[in-house]
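Engineer: Please find one structure pasted underneath; my questions will follow.
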Amino acid sequence: MADKSIFILGASRGIGLGLVKTFLDRGWNVVASERAESADLHALECDALRIVTADVTEPDSYVDLGFEDGQLDALIINAGITGASHQDASKATADEVSHVMMTNAFGPARAAKSLLPAIKDGGTLGVMSSLMGSISDSSGGYELYRTSKTALNMLAKGISEQDASPREIEVLALHPGWVQTDMGGSNAALTIEESVNGLADVIEKSGEGGFRFVDYSGKELAF
C-alpha cells in the first residue's frame, strides 16, 4: 500500500488517532488533522505522515490544505460529540441543537463536499457515523446524538447520489462499534485497536462506488 494516501480529518485522539497508527502500519501515506496540538499525534511523526490543523466546523481551516485533484485514495471525516448531557429533544435549546448538528452532520457533509475533488476517481469517502443513527434499529433515547447521526447518514447518501456517483467514489457511513474511547467509556465492547483495524479493512476493500452504511466488520446496517 506504499502508493496509497488517506486524509483523516479529526485524528488527535481516540478512533481518529488509532486510524492514523493503523494506516501508517499498513504502509499508507497519511495526512492527519488536529484542532490543537496533540502530543500523541505528533509522537507518530515520520516521512509518511503530514499533520495539519483543521476543524470540521470551520471551512476556512480545511479548504486550502494544498491537496491536488485526485491525490487521495481515501478520505475519512471523523467528527462526533455526544451533545448536551440531557439528550432530550423537549429540553434542547437552539444552541444545543445547532452545536451537535453542525459538528456531527452538516460540518462533516460540508467538508466532504469541499474535499471531494481531492479523492481520486474510484476512491473512498468515509464519514464516522453510528448504529445509533439507524432509524430501523432505534430504541429511543439519546435524541440529540441519534438525530445528528441519522442526519449525517442522509447527507452522506445524498453526496453519494449527487456528487460522488459520476466519479464512482464509494461513500461509506461507518459505525465503529461501541469503542473504549472518552465517548464510549471503559466498559465498551471493543478496544480502539479492534475497531480501527476493522475500519481499515473496510476502507481497503472499498472503492466500488455507491453508498453503504456498514460497521467495522463490514456488515451492512439497516438505514
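We name chains A, B, ... following the order of the C-alpha cells; residues begin at 1 in each chain, and ligands are numbered from 1 as shown.
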Give me, as CSV, the closest atom pair and its distance (Å, one decimal) for every residue of range 41-89 of chain A within a cut-off of 10 Å of range 1-24 of chain A, counting only C-alpha atoms, rows sorted by chain and rising number.
Structural biologist:
residue,atom,partner,partner_atom,distance
A:Leu41,CA,A:Ser12,CA,5.6
A:His42,CA,A:Ser12,CA,8.8
A:Leu44,CA,A:Lys21,CA,7.5
A:Cys46,CA,A:Leu24,CA,9.2
A:Ala48,CA,A:Leu24,CA,7.1
A:Leu49,CA,A:Leu24,CA,7.6
A:Arg50,CA,A:Phe7,CA,9.2
A:Ile51,CA,A:Ala11,CA,9.2
A:Val52,CA,A:Leu9,CA,9.1
A:Thr53,CA,A:Leu9,CA,9.3
A:Ala54,CA,A:Leu9,CA,7.4
A:Asp55,CA,A:Gly10,CA,7.5
A:Val56,CA,A:Leu9,CA,7.4
A:Tyr62,CA,A:Leu9,CA,9.0
A:Phe67,CA,A:Phe7,CA,9.8
A:Gln71,CA,A:Ser5,CA,7.3
A:Leu72,CA,A:Ser5,CA,5.1
A:Asp73,CA,A:Ser5,CA,5.4
A:Ala74,CA,A:Ile6,CA,4.7
A:Leu75,CA,A:Phe7,CA,4.9
A:Ile76,CA,A:Ile8,CA,4.9
A:Ile77,CA,A:Leu9,CA,4.8
A:Asn78,CA,A:Gly10,CA,5.1
A:Ala79,CA,A:Gly10,CA,6.0
A:Gly80,CA,A:Gly10,CA,9.2
Engineer: Can I get the selected residues back with N, CA, C and O atoms, as a short mmCIF file (atom, residue, chain, number, x, y, z; two decimals), in the first residue's frame?
Structural biologist:
data_model
loop_
_atom_site.label_atom_id
_atom_site.label_comp_id
_atom_site.auth_asym_id
_atom_site.auth_seq_id
_atom_site.Cartn_x
_atom_site.Cartn_y
_atom_site.Cartn_z
N LEU A 41 -0.48 12.53 18.64
CA LEU A 41 -0.37 12.51 17.18
C LEU A 41 1.04 12.85 16.73
O LEU A 41 1.60 12.18 15.85
N HIS A 42 1.64 13.86 17.33
CA HIS A 42 2.99 14.26 16.92
C HIS A 42 4.03 13.20 17.27
O HIS A 42 5.11 13.16 16.65
N LEU A 44 3.83 10.29 16.47
CA LEU A 44 3.86 9.37 15.34
C LEU A 44 4.60 9.95 14.13
O LEU A 44 4.68 9.31 13.08
N CYS A 46 6.62 10.94 11.06
CA CYS A 46 7.52 10.18 10.20
C CYS A 46 7.34 10.71 8.78
O CYS A 46 6.50 11.58 8.52
N ALA A 48 5.99 9.43 6.28
CA ALA A 48 4.70 9.08 5.67
C ALA A 48 3.53 9.84 6.28
O ALA A 48 2.39 9.66 5.84
N LEU A 49 3.81 10.68 7.28
CA LEU A 49 2.73 11.39 7.99
C LEU A 49 2.89 12.90 7.85
O LEU A 49 3.95 13.45 8.13
N ARG A 50 1.82 13.55 7.41
CA ARG A 50 1.75 15.00 7.38
C ARG A 50 0.63 15.45 8.32
O ARG A 50 -0.50 14.97 8.21
N ILE A 51 0.95 16.31 9.27
CA ILE A 51 -0.03 16.78 10.25
C ILE A 51 -0.45 18.20 9.89
O ILE A 51 0.39 19.06 9.64
N VAL A 52 -1.76 18.42 9.86
CA VAL A 52 -2.31 19.73 9.54
C VAL A 52 -3.29 20.13 10.64
O VAL A 52 -3.73 19.31 11.44
N THR A 53 -3.62 21.41 10.67
CA THR A 53 -4.60 21.93 11.63
C THR A 53 -5.91 22.19 10.90
O THR A 53 -5.94 22.89 9.89
N ALA A 54 -6.99 21.60 11.40
CA ALA A 54 -8.30 21.78 10.77
C ALA A 54 -9.40 21.50 11.78
O ALA A 54 -9.20 20.76 12.75
N ASP A 55 -10.56 22.07 11.53
CA ASP A 55 -11.74 21.89 12.37
C ASP A 55 -12.93 21.68 11.44
O ASP A 55 -13.18 22.50 10.55
N VAL A 56 -13.65 20.60 11.62
CA VAL A 56 -14.74 20.26 10.72
C VAL A 56 -15.84 21.31 10.70
O VAL A 56 -16.60 21.39 9.73
N TYR A 62 -9.93 23.98 6.31
CA TYR A 62 -9.59 22.81 5.50
C TYR A 62 -9.69 23.01 3.99
O TYR A 62 -9.28 22.14 3.23
N PHE A 67 -4.23 20.10 -1.25
CA PHE A 67 -4.44 18.83 -1.95
C PHE A 67 -4.62 19.07 -3.44
O PHE A 67 -5.33 19.98 -3.86
N GLN A 71 -5.62 13.36 -5.52
CA GLN A 71 -4.42 12.98 -4.74
C GLN A 71 -4.70 11.84 -3.77
O GLN A 71 -3.81 11.03 -3.50
N LEU A 72 -5.91 11.79 -3.23
CA LEU A 72 -6.21 10.86 -2.15
C LEU A 72 -6.94 9.62 -2.65
O LEU A 72 -7.86 9.70 -3.46
N ASP A 73 -6.54 8.47 -2.10
CA ASP A 73 -7.30 7.25 -2.33
C ASP A 73 -8.51 7.19 -1.41
O ASP A 73 -9.53 6.58 -1.76
N ALA A 74 -8.40 7.80 -0.25
CA ALA A 74 -9.49 7.76 0.71
C ALA A 74 -9.47 9.00 1.59
O ALA A 74 -8.43 9.58 1.86
N LEU A 75 -10.65 9.38 2.04
CA LEU A 75 -10.85 10.46 3.00
C LEU A 75 -11.80 9.95 4.07
O LEU A 75 -12.86 9.42 3.75
N ILE A 76 -11.40 10.09 5.33
CA ILE A 76 -12.29 9.76 6.44
C ILE A 76 -12.52 11.02 7.25
O ILE A 76 -11.57 11.66 7.72
N ILE A 77 -13.79 11.39 7.41
CA ILE A 77 -14.14 12.53 8.24
C ILE A 77 -14.63 11.99 9.57
O ILE A 77 -15.72 11.42 9.67
N ASN A 78 -13.79 12.15 10.57
CA ASN A 78 -14.03 11.58 11.89
C ASN A 78 -14.38 12.71 12.85
O ASN A 78 -13.50 13.39 13.36
N ALA A 79 -15.66 12.96 13.02
CA ALA A 79 -16.10 14.03 13.91
C ALA A 79 -17.31 13.56 14.70
O ALA A 79 -18.19 12.90 14.14
N GLY A 80 -17.34 13.89 15.97
CA GLY A 80 -18.51 13.50 16.73
C GLY A 80 -18.46 13.97 18.17
O GLY A 80 -17.43 13.86 18.83
#
Engineer: Show me, as CSV, the residues of range 91-198 of chain A having an atom within 9 Å of range 204-222 of chain A, each with the closest atom pair and its distance in Å, using only C-alpha atoms.
Structural biologist:
residue,atom,partner,partner_atom,distance
A:Asp121,CA,A:Gly207,CA,9.0
A:Gly122,CA,A:Gly207,CA,5.3
A:Gly123,CA,A:Gly207,CA,5.2
A:Thr124,CA,A:Gly207,CA,5.5
A:Leu125,CA,A:Gly207,CA,9.0
A:Ser129,CA,A:Phe213,CA,8.4
A:Ser130,CA,A:Asp215,CA,8.2
A:Leu131,CA,A:Leu221,CA,7.6
A:Ser134,CA,A:Ala222,CA,6.3
A:Ile135,CA,A:Ala222,CA,7.9
A:Ser136,CA,A:Ala222,CA,6.0
A:Asp137,CA,A:Ala222,CA,7.0
A:Asn153,CA,A:Phe213,CA,7.7
A:Ala156,CA,A:Phe211,CA,7.8
A:Lys157,CA,A:Phe211,CA,6.1
A:Ile159,CA,A:Phe211,CA,9.0
A:Ser160,CA,A:Phe211,CA,5.9
A:Glu161,CA,A:Gly210,CA,7.5
A:Ala164,CA,A:Gly209,CA,7.9
A:Ser165,CA,A:Gly210,CA,6.4
A:Arg167,CA,A:Gly209,CA,8.1
A:Glu168,CA,A:Gly209,CA,4.4
A:Ile169,CA,A:Gly209,CA,4.8
A:Glu170,CA,A:Gly209,CA,3.8
A:Val171,CA,A:Phe211,CA,4.8
A:Leu172,CA,A:Arg212,CA,5.1
A:Ala173,CA,A:Phe213,CA,4.6
A:Leu174,CA,A:Val214,CA,5.4
A:His175,CA,A:Asp215,CA,4.3
A:Pro176,CA,A:Tyr216,CA,5.0
A:Gly177,CA,A:Tyr216,CA,6.5
A:Glu194,CA,A:Tyr216,CA,8.7
A:Ser195,CA,A:Tyr216,CA,6.0
A:Val196,CA,A:Tyr216,CA,7.4
A:Asn197,CA,A:Tyr216,CA,8.0
A:Gly198,CA,A:Tyr216,CA,4.7
Engineer: Please report the interatomic distance between CA of Thr57 in chain A and CA of Met101 in chain A in Å with one decimal.
Structural biologist: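 Between CA of Thr57 in chain A and CA of Met101 in chain A the gap is 10.1 Å.
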Engineer: From a backbone DSSP assignment, name each residue in range 15-217 of chain A labelled helix (DSSP H, G or I), as a ChimeraX atom specification.
Structural biologist: /A:15-25,39-42,59-61,94-118,131-133,143-167,192-204
Engineer: Write down as a count of residues only the residues of range 56-201 of chain A whose backbone DSSP state falls under strand (DSSP E or B).
Structural biologist: 25
Engineer: Please compute the CA of Leu152 in chain A-CA of Ala32 in chain A distance, one decimal, in Å.
Structural biologist: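 Distance between the two atoms: 21.4 Å.
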